[in-house]
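Encoded as structure tokens, the structure appears first; notes follow it.
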Amino acid sequence: MSPTRAAYAAELAALPEEGWADYLSARSGLPGPRANLTLLDAAADVMPHDLALRLVDEADEYLACCGVATLGRLIVEDPAACGLVGLLTTRCSDERWRVREACAIAAQRIGDADAPLLRGIVEAWTSSSDPLVVRAGIAAICEPRLLKDSRTAAAALVACRRATEHLLSVPADGRRAADIRTLRQALGYCWSVAVAAAPDSGLAAFAELPTEDADVDWIVRENRKKKRLAGLLGVAP
């Protein structure tokens, strides 16, 4: 049986800082198809501030993920801490997809503790000119556990609309770029999460998407396959 998050956290907390990297690397699950997310969550629960800031810059992908995920807790602990939100934002554009996912995890940790702060971060991210930062915004907020709050659910719909507008602002011949494709992929599921959380307004917003655009048509078709949205639409997923 794999250790629990609490067991990992207890073992990590007992280590000197110089022992963290070896411990995390030995249990990361990488290289392999799945990183050890239970360990990542545990590390983000107890990692010391200075160690997190060092690991954020690590070349090792898993160590960097652990450092980035910890930023969420550090921001909650001190929302006024100079530069932490900015540091998290820069990692949203990391070339490594697991590090980008760690950014969403960090933001969701913020949302668990401080929904208004998350909404502010997502508003800034989805207003970015960088499609990977925009993608981080919708990936962060389109998490069902966060959308039980009605204002956050409304913000998720706004975020999806802004992200779609960002995609539409890119000329068709520029949409084959990897960062745009990554944004499109996220929109292919995020709309269904946002609509399911606020169906009264969400279904109307979803119905208004301009499907004459080939990429938006793909986004709509992908979201209609998701059970959470198919049920609302009364169609088979």
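Chains: A, B, ... in order of the structure tokens. Residues: from 1 per chain. Ligands: from 1, in order shown.
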
As a ChimeraX atom specification, list the residues of range 30-215 of chain A assigned to helix (DSSP H, G or I) by DSSP on the backbone atoms of this structure. /A:37-46,49-55,61-77,84-91,97-113,115-125,131-141,144-148,150-169,172-174,178-197,199-207,214-215

Might you pull out every residue within 12 Å of Glu101 in chain A, with only C-alpha atoms counted and same-chain residues fewer than 3 positions away left off, and present them as a ChimeraX atom specification? /A:35,37,40,61-62,64-66,68-69,88,91-98,104-108,132-133,135-140,182,186

Surrounding residues of Ala115 in chain A excluding itself and chain neighbours under 4 positions, 7 Å, only C-alpha atoms, as a ChimeraX atom specification: /A:111,119,152

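Counting only C-alpha atoms, Asn36 in chain A has the following residues at most 12 Å away, ignoring those fewer than 4 positions along the same chain: A:Ser2, A:Pro3, A:Thr4, A:Arg5, A:Tyr8, A:Leu24, A:Ser25, A:Ala26, A:Arg27, A:Ser28, A:Gly29, A:Leu30, A:Pro31, A:Gly32, A:Leu40, A:Asp41, A:Ala42, A:Ala43, A:Tyr62, A:Leu63, A:Cys65, A:Cys66, A:Arg98.
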
Please dump the current selection as a PDB file, in the first residue's frame; keep N, CA and C atoms.
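The result, written out as selection_39.pdb:
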ATOM      1  N   SER A   2       0.574   2.196  -0.851  1.00  0.00           N
ATOM      2  CA  SER A   2       1.355   3.427  -0.930  1.00  0.00           C
ATOM      3  C   SER A   2       1.124   4.286   0.304  1.00  0.00           C
ATOM      4  N   PRO A   3       2.136   5.024   0.715  1.00  0.00           N
ATOM      5  CA  PRO A   3       1.946   5.924   1.863  1.00  0.00           C
ATOM      6  C   PRO A   3       0.866   6.962   1.588  1.00  0.00           C
ATOM      7  N   THR A   4       0.228   7.409   2.645  1.00  0.00           N
ATOM      8  CA  THR A   4      -0.783   8.448   2.518  1.00  0.00           C
ATOM      9  C   THR A   4      -0.115   9.813   2.447  1.00  0.00           C
ATOM     10  N   ARG A   5      -0.913  10.789   2.085  1.00  0.00           N
ATOM     11  CA  ARG A   5      -0.414  12.169   2.051  1.00  0.00           C
ATOM     12  C   ARG A   5       0.105  12.585   3.421  1.00  0.00           C
ATOM     13  N   TYR A   8       3.485  10.854   4.132  1.00  0.00           N
ATOM     14  CA  TYR A   8       4.555  11.527   3.393  1.00  0.00           C
ATOM     15  C   TYR A   8       4.920  12.857   4.058  1.00  0.00           C
ATOM     16  N   LEU A  24      12.331  13.162  -2.470  1.00  0.00           N
ATOM     17  CA  LEU A  24      11.300  13.396  -3.481  1.00  0.00           C
ATOM     18  C   LEU A  24      11.630  12.685  -4.784  1.00  0.00           C
ATOM     19  N   SER A  25      12.870  12.771  -5.202  1.00  0.00           N
ATOM     20  CA  SER A  25      13.261  12.142  -6.467  1.00  0.00           C
ATOM     21  C   SER A  25      13.110  10.633  -6.416  1.00  0.00           C
ATOM     22  N   ALA A  26      13.442  10.033  -5.285  1.00  0.00           N
ATOM     23  CA  ALA A  26      13.369   8.572  -5.161  1.00  0.00           C
ATOM     24  C   ALA A  26      11.936   8.051  -5.204  1.00  0.00           C
ATOM     25  N   ARG A  27      10.980   8.898  -4.890  1.00  0.00           N
ATOM     26  CA  ARG A  27       9.585   8.472  -4.794  1.00  0.00           C
ATOM     27  C   ARG A  27       8.687   9.185  -5.818  1.00  0.00           C
ATOM     28  N   SER A  28       9.286   9.864  -6.780  1.00  0.00           N
ATOM     29  CA  SER A  28       8.531  10.714  -7.708  1.00  0.00           C
ATOM     30  C   SER A  28       7.643   9.954  -8.677  1.00  0.00           C
ATOM     31  N   GLY A  29       7.984   8.698  -8.942  1.00  0.00           N
ATOM     32  CA  GLY A  29       7.266   7.946  -9.973  1.00  0.00           C
ATOM     33  C   GLY A  29       7.784   8.225 -11.365  1.00  0.00           C
ATOM     34  N   LEU A  30       8.762   9.103 -11.495  1.00  0.00           N
ATOM     35  CA  LEU A  30       9.341   9.451 -12.791  1.00  0.00           C
ATOM     36  C   LEU A  30      10.759   8.899 -12.887  1.00  0.00           C
ATOM     37  N   PRO A  31      11.230   8.492 -14.066  1.00  0.00           N
ATOM     38  CA  PRO A  31      10.448   8.526 -15.311  1.00  0.00           C
ATOM     39  C   PRO A  31       9.377   7.432 -15.295  1.00  0.00           C
ATOM     40  N   GLY A  32       8.278   7.732 -15.870  1.00  0.00           N
ATOM     41  CA  GLY A  32       7.148   6.823 -15.872  1.00  0.00           C
ATOM     42  C   GLY A  32       5.919   7.577 -16.315  1.00  0.00           C
ATOM     43  N   LEU A  40       3.513  14.864  -4.092  1.00  0.00           N
ATOM     44  CA  LEU A  40       3.577  16.280  -4.460  1.00  0.00           C
ATOM     45  C   LEU A  40       2.690  17.116  -3.536  1.00  0.00           C
ATOM     46  N   ASP A  41       1.464  16.652  -3.296  1.00  0.00           N
ATOM     47  CA  ASP A  41       0.552  17.379  -2.400  1.00  0.00           C
ATOM     48  C   ASP A  41       1.123  17.460  -0.986  1.00  0.00           C
ATOM     49  N   ALA A  42       1.704  16.354  -0.537  1.00  0.00           N
ATOM     50  CA  ALA A  42       2.289  16.343   0.811  1.00  0.00           C
ATOM     51  C   ALA A  42       3.452  17.319   0.903  1.00  0.00           C
ATOM     52  N   ALA A  43       4.289  17.331  -0.118  1.00  0.00           N
ATOM     53  CA  ALA A  43       5.421  18.258  -0.124  1.00  0.00           C
ATOM     54  C   ALA A  43       4.931  19.701  -0.072  1.00  0.00           C
ATOM     55  N   TYR A  62      10.283  16.978 -11.548  1.00  0.00           N
ATOM     56  CA  TYR A  62       9.447  16.701 -10.382  1.00  0.00           C
ATOM     57  C   TYR A  62       9.760  17.649  -9.230  1.00  0.00           C
ATOM     58  N   LEU A  63      11.021  17.926  -9.000  1.00  0.00           N
ATOM     59  CA  LEU A  63      11.374  18.861  -7.934  1.00  0.00           C
ATOM     60  C   LEU A  63      10.805  20.247  -8.228  1.00  0.00           C
ATOM     61  N   CYS A  65       8.134  20.854  -9.944  1.00  0.00           N
ATOM     62  CA  CYS A  65       6.685  20.766  -9.708  1.00  0.00           C
ATOM     63  C   CYS A  65       6.354  20.920  -8.226  1.00  0.00           C
ATOM     64  N   CYS A  66       7.122  20.274  -7.383  1.00  0.00           N
ATOM     65  CA  CYS A  66       6.882  20.365  -5.946  1.00  0.00           C
ATOM     66  C   CYS A  66       7.072  21.792  -5.448  1.00  0.00           C
ATOM     67  N   ARG A  98       4.180  19.212 -16.992  1.00  0.00           N
ATOM     68  CA  ARG A  98       3.905  18.896 -15.588  1.00  0.00           C
ATOM     69  C   ARG A  98       4.092  20.125 -14.699  1.00  0.00           C
TER      70      ARG A  98
END

Between CA of Lys148 in chain A and CA of Gly67 in chain A, measure the distance and give it in Å to one decimal.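 Taking CA of Lys148 in chain A as the start and CA of Gly67 in chain A as the end point, the length is 28.0 Å.
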
Nearest-residue call for Ala102 in chain A, choices A:Ala10, A:Val85, A:Ala44, A:Leu53, using only C-alpha atoms: A:Ala44

Suppose you want the space between CA of Asp112 in chain A and CA of Thr90 in chain A; what is it in Å? 21.7 Å

Contacts of Pro171 in chain A at 12 Å (only C-alpha atoms; same-chain gap of 4+ positions) as a ChimeraX atom specification: /A:165-167,175-177,180,213-215

Residues within 12 Å of Pro116 in chain A, only C-alpha atoms, excluding chain neighbours under 2 positions, as a PyMOL selection string: chain A and resi 76+79+107-108+110-114+118-123+141+146+149-153+155

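Coordinates place CA of Leu187 in chain A at a distance of 10.2 Å from CA of Ala159 in chain A.
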
Can you work out which one of A:Gly19, A:Pro144, A:Gly202, A:Gly188 has the shortest atom-to-atom distance to Leu51 in chain A, counting only C-alpha atoms? A:Gly19
